[in-house]
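Okay, protein.cif now, which holds mmCIF, C-alpha atoms:
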data_work
loop_
_atom_site.label_atom_id
_atom_site.label_comp_id
_atom_site.auth_asym_id
_atom_site.auth_seq_id
_atom_site.Cartn_x
_atom_site.Cartn_y
_atom_site.Cartn_z
CA MET X 904 -18.82 -10.04 13.57
CA SER X 905 -17.45 -9.53 10.14
CA ASP X 906 -19.78 -6.72 9.17
CA LEU X 907 -17.30 -4.36 10.73
CA LEU X 908 -14.75 -5.05 8.05
CA LYS X 909 -16.04 -5.16 4.54
CA ASP X 910 -14.02 -7.49 2.36
CA LYS X 911 -12.90 -5.87 -0.81
CA SER X 912 -11.58 -7.76 -3.75
CA GLN X 913 -8.32 -6.56 -5.13
CA ARG X 914 -8.39 -6.49 -8.86
CA ARG X 915 -5.27 -6.64 -10.96
CA GLU X 916 -5.12 -6.31 -14.69
CA LYS X 917 -2.26 -8.09 -16.30
CA ARG X 918 -1.02 -6.60 -19.50
CA ALA X 919 2.33 -6.97 -21.17
CA GLY X 920 4.91 -4.71 -19.57
CA LYS X 921 3.96 -2.06 -17.05
CA ALA X 922 0.39 -2.03 -15.96
CA PRO X 923 -1.71 -0.27 -13.35
CA SER X 924 -2.78 -2.18 -10.30
CA GLU X 925 -5.44 -1.12 -7.83
CA GLY X 926 -6.83 -2.30 -4.54
CA SER X 927 -8.93 -0.91 -1.73
CA HIS X 928 -9.94 -1.84 1.78
CA GLY X 929 -12.51 -0.23 3.96
CA VAL X 930 -13.65 -0.26 7.53
CA ARG X 931 -17.29 0.58 8.08
CA GLY X 932 -18.10 2.81 11.00
CA LYS X 933 -20.35 0.72 13.21
CA ASP X 934 -21.03 0.61 16.89
CA THR X 935 -18.90 -1.88 18.72
CA THR X 936 -20.19 -1.61 22.28
CA GLY X 937 -21.12 -4.85 23.92
CA ARG X 938 -18.75 -6.90 21.82
CA THR X 939 -16.07 -8.78 23.59
CA LYS X 940 -13.74 -10.35 21.14
CA ASP X 941 -10.09 -11.03 20.77
CA SER X 942 -7.94 -10.18 17.86
CA ILE X 943 -9.10 -11.12 14.39
CA SER X 944 -7.10 -11.01 11.23
CA THR X 945 -8.72 -10.94 7.83
CA VAL X 946 -7.35 -10.79 4.33
CA SER X 947 -9.14 -9.56 1.25
CA CYS X 948 -9.49 -11.96 -1.58
CA LEU X 949 -7.46 -11.41 -4.68
CA ASP X 950 -9.04 -11.52 -8.10
CA GLU X 951 -6.69 -11.52 -11.02
CA LEU X 952 -8.14 -10.68 -14.40
CA GLY X 953 -6.59 -11.18 -17.77
CA HIS X 954 -4.78 -14.41 -16.99
CA GLN X 955 -4.99 -15.62 -20.54
CA ASP X 956 -2.01 -13.68 -21.83
CA ASP X 957 0.28 -15.23 -19.21
CA ASN X 958 1.37 -18.07 -21.48
CA ALA X 959 1.92 -15.74 -24.36
CA ARG X 960 4.32 -13.57 -22.35
CA MET X 961 7.92 -14.59 -22.99
CA ALA X 962 10.75 -13.92 -20.60
CA VAL X 963 12.15 -10.53 -21.49
CA THR X 964 15.90 -10.22 -21.38
CA MET X 965 17.06 -6.63 -21.10
CA GLU X 966 20.23 -5.40 -22.68
CA ASN X 967 22.75 -3.59 -20.59
CA THR X 968 22.26 0.15 -20.80
CA TYR X 969 25.36 1.08 -18.78
CA GLN X 970 23.28 3.73 -17.12
CA LEU X 971 24.30 4.25 -13.50
CA GLY X 972 21.52 6.46 -12.26
CA PRO X 973 18.36 8.23 -13.37
CA TYR X 974 18.84 10.99 -15.93
CA LYS X 975 15.74 12.76 -14.71
CA ARG X 976 15.10 12.73 -10.99
CA PHE X 977 11.68 12.43 -9.42
CA PRO X 978 10.26 15.96 -9.02
CA VAL X 979 9.09 16.11 -5.43
CA PRO X 980 7.63 19.66 -5.48
CA ALA X 981 5.65 19.02 -8.66
CA VAL X 982 4.13 15.89 -7.18
CA THR X 983 3.31 17.67 -3.90
CA ASP X 984 1.39 20.18 -5.96
CA ILE X 985 -0.46 17.40 -7.75
CA LEU X 986 -1.44 15.82 -4.44
CA LYS X 987 -2.55 19.12 -2.98
CA ASP X 988 -4.53 19.93 -6.08
CA VAL X 989 -6.27 16.57 -6.34
CA LEU X 990 -7.12 16.23 -2.67
CA THR X 991 -8.46 19.76 -2.31
CA SER X 992 -10.51 19.65 -5.47
CA TYR X 993 -12.11 16.29 -4.65
CA LEU X 994 -12.58 16.68 -0.92
CA GLN X 995 -12.97 20.39 -0.24
CA GLU X 996 -16.65 20.78 0.53
CA GLU X 997 -17.55 17.13 0.97
CA LYS X 998 -19.02 15.38 3.95
CA TYR X 999 -18.00 11.88 4.96
CA GLU X 1000 -20.37 9.18 3.68
CA VAL X 1001 -19.55 5.50 3.54
CA GLU X 1002 -20.33 4.61 -0.08
CA TRP X 1003 -19.10 7.88 -1.46
CA SER X 1004 -15.81 7.66 0.43
CA GLN X 1005 -15.19 4.16 -0.83
CA LYS X 1006 -15.52 5.26 -4.41
CA MET X 1007 -13.67 8.47 -3.84
CA THR X 1008 -10.62 6.77 -2.34
CA LYS X 1009 -10.28 4.57 -5.40
CA THR X 1010 -10.92 7.42 -7.79
CA ILE X 1011 -8.43 9.72 -6.12
CA SER X 1012 -5.70 7.11 -6.13
CA GLU X 1013 -6.26 6.46 -9.82
CA VAL X 1014 -6.29 10.15 -10.66
CA ILE X 1015 -3.08 10.77 -8.75
CA ARG X 1016 -1.41 7.85 -10.46
CA ALA X 1017 -2.49 9.08 -13.89
CA ARG X 1018 -1.22 12.57 -13.23
CA VAL X 1019 2.12 11.39 -11.91
CA LYS X 1020 2.47 9.17 -14.98
CA ASP X 1021 1.81 12.21 -17.15
CA LEU X 1022 4.96 13.78 -15.77
CA MET X 1023 6.74 11.15 -17.85
CA ILE X 1024 9.61 10.38 -15.53
CA PRO X 1025 11.32 7.39 -17.08
CA ARG X 1026 12.34 4.27 -15.14
CA TYR X 1027 10.37 5.09 -12.02
CA LYS X 1028 7.72 2.76 -10.64
CA ILE X 1029 4.93 4.48 -8.74
CA VAL X 1030 2.92 3.38 -5.73
CA VAL X 1031 0.05 5.62 -4.61
CA LEU X 1032 -1.67 5.07 -1.28
CA VAL X 1033 -4.75 7.06 -0.22
CA HIS X 1034 -6.58 6.99 3.12
CA ILE X 1035 -9.87 8.79 3.67
CA GLY X 1036 -11.48 8.70 7.06
CA GLU X 1037 -14.19 10.28 9.12
CA LEU X 1038 -13.27 12.72 11.84
CA ALA X 1039 -14.97 11.41 14.96
CA GLY X 1040 -12.61 12.35 17.70
CA GLN X 1041 -10.61 9.19 17.28
CA SER X 1042 -6.88 8.98 17.30
CA MET X 1043 -4.96 7.54 14.42
CA GLN X 1044 -1.39 6.96 13.39
CA ILE X 1045 -0.14 6.14 9.90
CA SER X 1046 3.50 5.31 9.41
CA SER X 1047 5.62 3.66 6.78
CA ARG X 1048 9.15 2.38 6.34
CA CYS X 1049 10.88 1.59 3.13
CA LEU X 1050 13.82 -0.53 2.16
CA TRP X 1051 15.19 1.04 -0.99
CA ASP X 1052 18.01 2.99 -2.51
CA ALA X 1053 17.85 6.31 -0.72
CA SER X 1054 19.80 8.19 -3.38
CA ASN X 1055 17.28 7.45 -6.14
CA ASP X 1056 13.99 6.58 -4.48
CA THR X 1057 11.73 8.97 -2.68
CA PHE X 1058 8.22 9.58 -1.48
CA VAL X 1059 5.76 12.47 -1.24
CA SER X 1060 2.98 12.85 1.27
CA TYR X 1061 0.11 15.29 1.70
CA ASN X 1062 -2.74 15.51 4.21
CA PHE X 1063 -6.00 17.28 3.86
CA LYS X 1064 -8.62 17.95 6.49
CA ASN X 1065 -12.03 19.55 6.55
CA SER X 1066 -14.75 19.63 9.16
CA SER X 1067 -15.98 16.07 8.71
CA LEU X 1068 -13.22 14.08 7.08
CA PHE X 1069 -9.52 13.79 6.52
CA GLY X 1070 -7.56 12.55 3.53
CA VAL X 1071 -3.95 11.38 3.39
CA ALA X 1072 -2.16 10.64 0.13
CA ASN X 1073 1.29 9.06 -0.18
CA VAL X 1074 3.20 8.58 -3.40
CA TYR X 1075 6.29 6.35 -3.40
CA ALA X 1076 8.64 6.44 -6.38
CA VAL X 1077 11.05 3.56 -6.84
CA TYR X 1078 13.79 3.67 -9.45
CA PHE X 1079 14.04 0.65 -11.73
CA GLU X 1080 17.65 -0.05 -12.62
CA MET A 37 23.45 -28.41 -9.61
CA ARG A 38 19.80 -29.33 -9.41
CA GLY A 39 19.54 -27.56 -6.09
CA MET A 40 21.02 -24.40 -7.55
CA ASP A 41 18.55 -24.41 -10.43
CA GLU A 42 15.62 -24.65 -8.09
CA TYR A 43 16.89 -21.82 -5.97
CA HIS A 44 17.31 -19.61 -8.98
CA ASN A 45 13.83 -20.40 -10.32
CA GLY A 46 12.26 -19.78 -6.95
CA ASN A 47 13.67 -16.29 -6.84
CA GLU A 48 12.43 -15.24 -10.24
CA GLY A 49 8.79 -15.83 -9.53
CA SER A 50 6.47 -12.98 -8.78
CA PHE A 51 5.94 -11.68 -5.30
CA SER A 52 4.33 -14.23 -2.99
CA SER A 53 1.34 -12.58 -1.39
CA GLU A 54 0.45 -15.44 0.92
CA GLU A 55 3.89 -15.70 2.41
CA ALA A 56 4.08 -11.97 3.06
CA ASP A 57 0.59 -12.12 4.51
CA SER A 58 1.51 -14.65 7.19
CA VAL A 59 4.70 -12.78 8.02
CA VAL A 60 2.80 -9.55 8.51
CA LYS A 61 0.05 -11.11 10.63
CA GLU A 62 2.64 -12.61 12.88
CA CYS A 63 4.40 -9.26 13.29
CA ILE A 64 1.19 -7.44 14.17
CA GLU A 65 0.20 -10.07 16.71
CA SER A 66 3.58 -9.95 18.37
CA VAL A 67 3.58 -6.16 18.73
CA VAL A 68 -0.02 -5.26 19.63
CA GLY A 69 -1.54 -8.70 20.18
CA GLY A 70 -3.11 -8.22 23.57
CA ASP A 71 -3.03 -4.46 24.01
CA ASP A 72 -5.69 -1.80 24.02
CA TYR A 73 -5.34 1.41 22.08
CA SER A 74 -3.09 3.87 23.85
CA GLN A 75 -2.23 7.28 22.47
CA SER A 76 1.15 7.36 24.13
CA GLN A 77 2.22 4.01 22.75
CA VAL A 78 0.79 4.07 19.28
CA ASN A 79 3.81 5.82 17.83
CA LYS A 80 6.06 3.10 19.18
CA TRP A 81 3.71 0.38 17.95
CA THR A 82 3.49 1.55 14.37
CA ALA A 83 7.25 1.95 14.23
CA SER A 84 7.89 -1.53 15.59
CA ILE A 85 5.27 -3.21 13.42
CA VAL A 86 6.73 -1.65 10.33
CA GLU A 87 10.34 -2.35 11.24
CA ARG A 88 9.61 -5.90 12.23
CA CYS A 89 7.74 -6.59 8.99
CA LEU A 90 10.56 -5.12 7.01
CA THR A 91 13.25 -7.20 8.71
CA GLN A 92 11.23 -10.40 8.30
CA LEU A 93 10.67 -9.67 4.63
CA ILE A 94 14.35 -8.96 4.05
CA LYS A 95 15.23 -12.28 5.66
CA GLN A 96 13.49 -14.01 2.74
CA GLY A 97 16.43 -12.80 0.69
CA LYS A 98 14.48 -11.91 -2.45
CA PRO A 99 15.67 -9.18 -4.83
CA TYR A 100 12.96 -6.65 -3.93
CA LYS A 101 12.69 -3.14 -2.62
CA TYR A 102 9.95 -2.94 0.00
CA ILE A 103 7.50 -0.27 1.11
CA VAL A 104 5.61 -1.11 4.29
CA THR A 105 2.80 1.12 5.56
CA CYS A 106 0.88 0.74 8.79
CA ALA A 107 -2.24 2.61 9.90
CA VAL A 108 -3.54 2.16 13.43
CA MET A 109 -6.89 3.65 14.33
CA GLN A 110 -8.84 3.75 17.53
CA LYS A 111 -12.31 2.20 17.37
CA THR A 112 -14.88 4.90 17.87
CA GLY A 113 -17.35 3.99 15.19
CA ALA A 114 -15.70 6.21 12.62
CA GLY A 115 -15.05 4.83 9.18
CA LEU A 116 -11.80 4.58 7.28
CA HIS A 117 -11.15 3.82 3.63
CA THR A 118 -7.83 3.01 2.03
CA ALA A 119 -7.02 2.57 -1.62
CA ASN A 120 -3.84 2.06 -3.55
CA SER A 121 -2.97 2.40 -7.17
CA CYS A 122 0.35 1.24 -8.61
CA TYR A 123 2.24 1.63 -11.81
CA TRP A 124 4.69 -1.23 -12.06
CA ASP A 125 5.48 -4.50 -13.73
CA THR A 126 2.69 -6.84 -12.67
CA ALA A 127 4.71 -9.92 -13.56
CA VAL A 128 7.26 -9.43 -10.80
CA ASP A 129 5.96 -6.75 -8.46
CA GLY A 130 3.19 -7.23 -5.98
CA SER A 131 1.50 -6.06 -2.85
CA CYS A 132 -0.28 -7.47 0.11
CA THR A 133 -2.59 -5.80 2.61
CA VAL A 134 -3.58 -7.20 5.97
CA ARG A 135 -6.40 -5.85 8.12
CA TRP A 136 -6.37 -6.77 11.77
CA GLU A 137 -8.52 -5.67 14.64
CA ASN A 138 -9.07 -6.23 18.28
CA ARG A 139 -11.50 -4.81 20.79
CA THR A 140 -10.18 -1.27 20.75
CA MET A 141 -8.38 -0.66 17.50
CA TYR A 142 -7.96 -1.39 13.81
CA CYS A 143 -4.62 -1.98 12.17
CA VAL A 144 -4.09 -1.98 8.41
CA VAL A 145 -0.67 -2.95 7.10
CA SER A 146 0.23 -2.74 3.40
CA VAL A 147 3.36 -4.22 1.89
CA PHE A 148 4.48 -3.27 -1.61
CA ALA A 149 7.35 -5.18 -3.18
CA VAL A 150 9.06 -3.70 -6.22
CA ALA A 151 11.53 -5.89 -8.09
CA ILE A 152 15.10 -4.83 -8.65
CA ALA A 153 16.21 -5.14 -12.27
#

Take the structure I supplied and represent it as structure tokens, if you would.
Amino acid sequence: MSDLLKDKSQRREKRAGKAPSEGSHGVRGKDTTGRTKDSISTVSCLDELGHQDDNARMAVTMENTYQLGPYKRFPVPAVTDILKDVLTSYLQEEKYEVEWSQKMTKTISEVIRARVKDLMIPRYKIVVLVHIGELAGQSMQISSRCLWDASNDTFVSYNFKNSSLFGVANVYAVYFE
Amino acid sequence: MRGMDEYHNGNEGSFSSEEADSVVKECIESVVGGDDYSQSQVNKWTASIVERCLTQLIKQGKPYKYIVTCAVMQKTGAGLHTANSCYWDTAVDGSCTVRWENRTMYCVVSVFAVAIA
């Protein structure tokens, strides 16, 4: 029953200060006819690496900067271009395959995060979410809601489609006061 | 005084994945628990799942900004992969992803919590 959903471990590296964090979840395409089952909920297990420097980390007290808002706003058009660029270059002529897609989703999310970081927008935390799926005539809906400060925080989304697969990338930028 | 100290300490921990997990599962079950995939309703479902999760999370009263994402997909044998990559403070920020399925559809809900100050 559980071969439909492959459990992925979510790995987190803890380093002092800001650090990247990645996770991925996949659903294998398998035939489900003849199965009668009710709802099942599963959760991936969480592996946390680098626990040893936890004790060494002291509580950081920040001094007041008296800064009311971001000096440099999050550049939505630049990030849209990044998303378009990354998705097209990685997915353009590819065909959907299970193992390849798994790796590609992780790779693409890391690449997008690295490129957005390169824009060097201070005080913004970044969350990148990538979905890659096979086009098999199924219907699908992806939606998100955010509770944040609408004047400073924003998101960027881009979808890509070719004959056998689709890719959706979302980048959320949250201002850290 | 002791009570106030405990309250304060409880709030300054990192994001509690397990708690968010159970909240989210409950929200999904309550919205699409016994239903089959329906194109006309899926829009409504994703919106309610996400809004419900968000309101439940806010009720915890923690100083976090939340991003909740929900993907609902019809079961036709097609595959779907999701990955996320985040640049934040791992001491206080966190995320939680719940995968749920029934006979006719998959539902993947991700919650990201970003600490304020």

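The closest residue to A:Thr133, picked from X:Leu1032, X:Met965, X:Leu1022, X:Leu971 and counting only C-alpha atoms, is X:Leu1032.
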
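Taking atom CA of X:Phe1063 as the reference point, atom CA of X:Lys998 is found at 13.2 Å.
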
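Atom CA of A:Gly69 lies 25.1 Å from atom CA of A:Ala119.
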
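Here atom CA of A:Ile152 and atom CA of X:Tyr1078 stand 8.6 Å from one another.
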
Exactly which residues make up the result of the PyMOL selection byres ((chain A and resi 57) around 9) on this file, given as a PyMOL selection string?
(chain X and resi 946) or (chain A and resi 52-56+58-62+132-134+147)

Do you know which residues the PyMOL selection byres ((chain A and resi 89) around 10) returns on this file, as a list in words?
Arg1048 of chain X; Ala56, Val59, Val60, Lys61, Glu62, Cys63, Ile64, Ser84, Ile85, Val86, Glu87, Arg88, Leu90, Thr91, Gln92, Leu93, Ile94, Lys95, Tyr102, Val104, Thr105, Val145 and Val147 of chain A

Quick one: which residues end up in the PyMOL selection byres ((chain X and resi 1041) around 12) for this structure, as a PDB file with C-alpha atoms, keeping the file's coordinate frame?
ATOM      1  CA  GLY X 932     -18.100   2.810  11.000  1.00  0.00           C
ATOM      2  CA  GLY X1036     -11.480   8.700   7.060  1.00  0.00           C
ATOM      3  CA  GLU X1037     -14.190  10.280   9.120  1.00  0.00           C
ATOM      4  CA  LEU X1038     -13.270  12.720  11.840  1.00  0.00           C
ATOM      5  CA  ALA X1039     -14.970  11.410  14.960  1.00  0.00           C
ATOM      6  CA  GLY X1040     -12.610  12.350  17.700  1.00  0.00           C
ATOM      7  CA  SER X1042      -6.880   8.980  17.300  1.00  0.00           C
ATOM      8  CA  MET X1043      -4.960   7.540  14.420  1.00  0.00           C
ATOM      9  CA  GLN X1044      -1.390   6.960  13.390  1.00  0.00           C
ATOM     10  CA  LEU X1068     -13.220  14.080   7.080  1.00  0.00           C
ATOM     11  CA  PHE X1069      -9.520  13.790   6.520  1.00  0.00           C
TER      12      PHE X1069
ATOM     13  CA  TYR A  73      -5.340   1.410  22.080  1.00  0.00           C
ATOM     14  CA  SER A  74      -3.090   3.870  23.850  1.00  0.00           C
ATOM     15  CA  GLN A  75      -2.230   7.280  22.470  1.00  0.00           C
ATOM     16  CA  VAL A 108      -3.540   2.160  13.430  1.00  0.00           C
ATOM     17  CA  MET A 109      -6.890   3.650  14.330  1.00  0.00           C
ATOM     18  CA  GLN A 110      -8.840   3.750  17.530  1.00  0.00           C
ATOM     19  CA  LYS A 111     -12.310   2.200  17.370  1.00  0.00           C
ATOM     20  CA  THR A 112     -14.880   4.900  17.870  1.00  0.00           C
ATOM     21  CA  GLY A 113     -17.350   3.990  15.190  1.00  0.00           C
ATOM     22  CA  ALA A 114     -15.700   6.210  12.620  1.00  0.00           C
ATOM     23  CA  GLY A 115     -15.050   4.830   9.180  1.00  0.00           C
ATOM     24  CA  LEU A 116     -11.800   4.580   7.280  1.00  0.00           C
ATOM     25  CA  THR A 140     -10.180  -1.270  20.750  1.00  0.00           C
ATOM     26  CA  MET A 141      -8.380  -0.660  17.500  1.00  0.00           C
ATOM     27  CA  TYR A 142      -7.960  -1.390  13.810  1.00  0.00           C
TER      28      TYR A 142
END

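Distances here use all atoms listed in the file; by that measure, the residue among X:Ala981, X:Val1059, X:Val1071, X:Ala1053 closest to A:Lys101 is X:Ala1053.
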
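Between A:Ser121 and the candidates X:Ser1046, X:Asn1073, X:Ser1060, X:Asn1065, the tightest atom-to-atom separation, counting all atoms listed in the file, involves X:Asn1073.
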
Selecting N, CA and C atoms, how would stretch 140-153 of chain A from this structure be written as a PDB file, in the first residue's frame?
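Below you can see decode.pdb, which holds the result:
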ATOM      1  N   THR A 140      -9.101   8.495  -4.722  1.00  0.00           N
ATOM      2  CA  THR A 140      -9.097   9.180  -6.015  1.00  0.00           C
ATOM      3  C   THR A 140      -8.162  10.366  -6.118  1.00  0.00           C
ATOM      4  N   MET A 141      -7.525  10.758  -5.041  1.00  0.00           N
ATOM      5  CA  MET A 141      -6.637  11.907  -5.176  1.00  0.00           C
ATOM      6  C   MET A 141      -5.510  11.936  -4.147  1.00  0.00           C
ATOM      7  N   TYR A 142      -4.481  12.720  -4.488  1.00  0.00           N
ATOM      8  CA  TYR A 142      -3.375  12.989  -3.584  1.00  0.00           C
ATOM      9  C   TYR A 142      -3.485  14.430  -3.126  1.00  0.00           C
ATOM     10  N   CYS A 143      -3.051  14.661  -1.900  1.00  0.00           N
ATOM     11  CA  CYS A 143      -3.041  16.038  -1.408  1.00  0.00           C
ATOM     12  C   CYS A 143      -1.719  16.253  -0.673  1.00  0.00           C
ATOM     13  N   VAL A 144      -0.971  17.250  -1.073  1.00  0.00           N
ATOM     14  CA  VAL A 144       0.302  17.558  -0.415  1.00  0.00           C
ATOM     15  C   VAL A 144       0.223  18.970   0.143  1.00  0.00           C
ATOM     16  N   VAL A 145       0.344  19.095   1.456  1.00  0.00           N
ATOM     17  CA  VAL A 145       0.278  20.426   2.069  1.00  0.00           C
ATOM     18  C   VAL A 145       1.622  20.743   2.716  1.00  0.00           C
ATOM     19  N   SER A 146       2.182  21.914   2.387  1.00  0.00           N
ATOM     20  CA  SER A 146       3.443  22.333   3.007  1.00  0.00           C
ATOM     21  C   SER A 146       3.208  23.581   3.818  1.00  0.00           C
ATOM     22  N   VAL A 147       3.751  23.596   5.019  1.00  0.00           N
ATOM     23  CA  VAL A 147       3.666  24.783   5.865  1.00  0.00           C
ATOM     24  C   VAL A 147       5.066  25.286   6.123  1.00  0.00           C
ATOM     25  N   PHE A 148       5.324  26.548   5.865  1.00  0.00           N
ATOM     26  CA  PHE A 148       6.619  27.148   6.188  1.00  0.00           C
ATOM     27  C   PHE A 148       6.366  28.220   7.231  1.00  0.00           C
ATOM     28  N   ALA A 149       7.135  28.199   8.302  1.00  0.00           N
ATOM     29  CA  ALA A 149       6.965  29.209   9.346  1.00  0.00           C
ATOM     30  C   ALA A 149       8.257  29.995   9.469  1.00  0.00           C
ATOM     31  N   VAL A 150       8.153  31.291   9.291  1.00  0.00           N
ATOM     32  CA  VAL A 150       9.321  32.177   9.326  1.00  0.00           C
ATOM     33  C   VAL A 150       9.176  33.086  10.543  1.00  0.00           C
ATOM     34  N   ALA A 151      10.180  33.102  11.400  1.00  0.00           N
ATOM     35  CA  ALA A 151      10.066  33.858  12.643  1.00  0.00           C
ATOM     36  C   ALA A 151      10.119  35.351  12.405  1.00  0.00           C
ATOM     37  N   ILE A 152       9.395  36.061  13.253  1.00  0.00           N
ATOM     38  CA  ILE A 152       9.429  37.528  13.195  1.00  0.00           C
ATOM     39  C   ILE A 152      10.454  37.985  14.205  1.00  0.00           C
ATOM     40  N   ALA A 153      11.383  38.816  13.789  1.00  0.00           N
ATOM     41  CA  ALA A 153      12.416  39.363  14.667  1.00  0.00           C
ATOM     42  C   ALA A 153      13.048  38.260  15.503  1.00  0.00           C
TER      43      ALA A 153
END
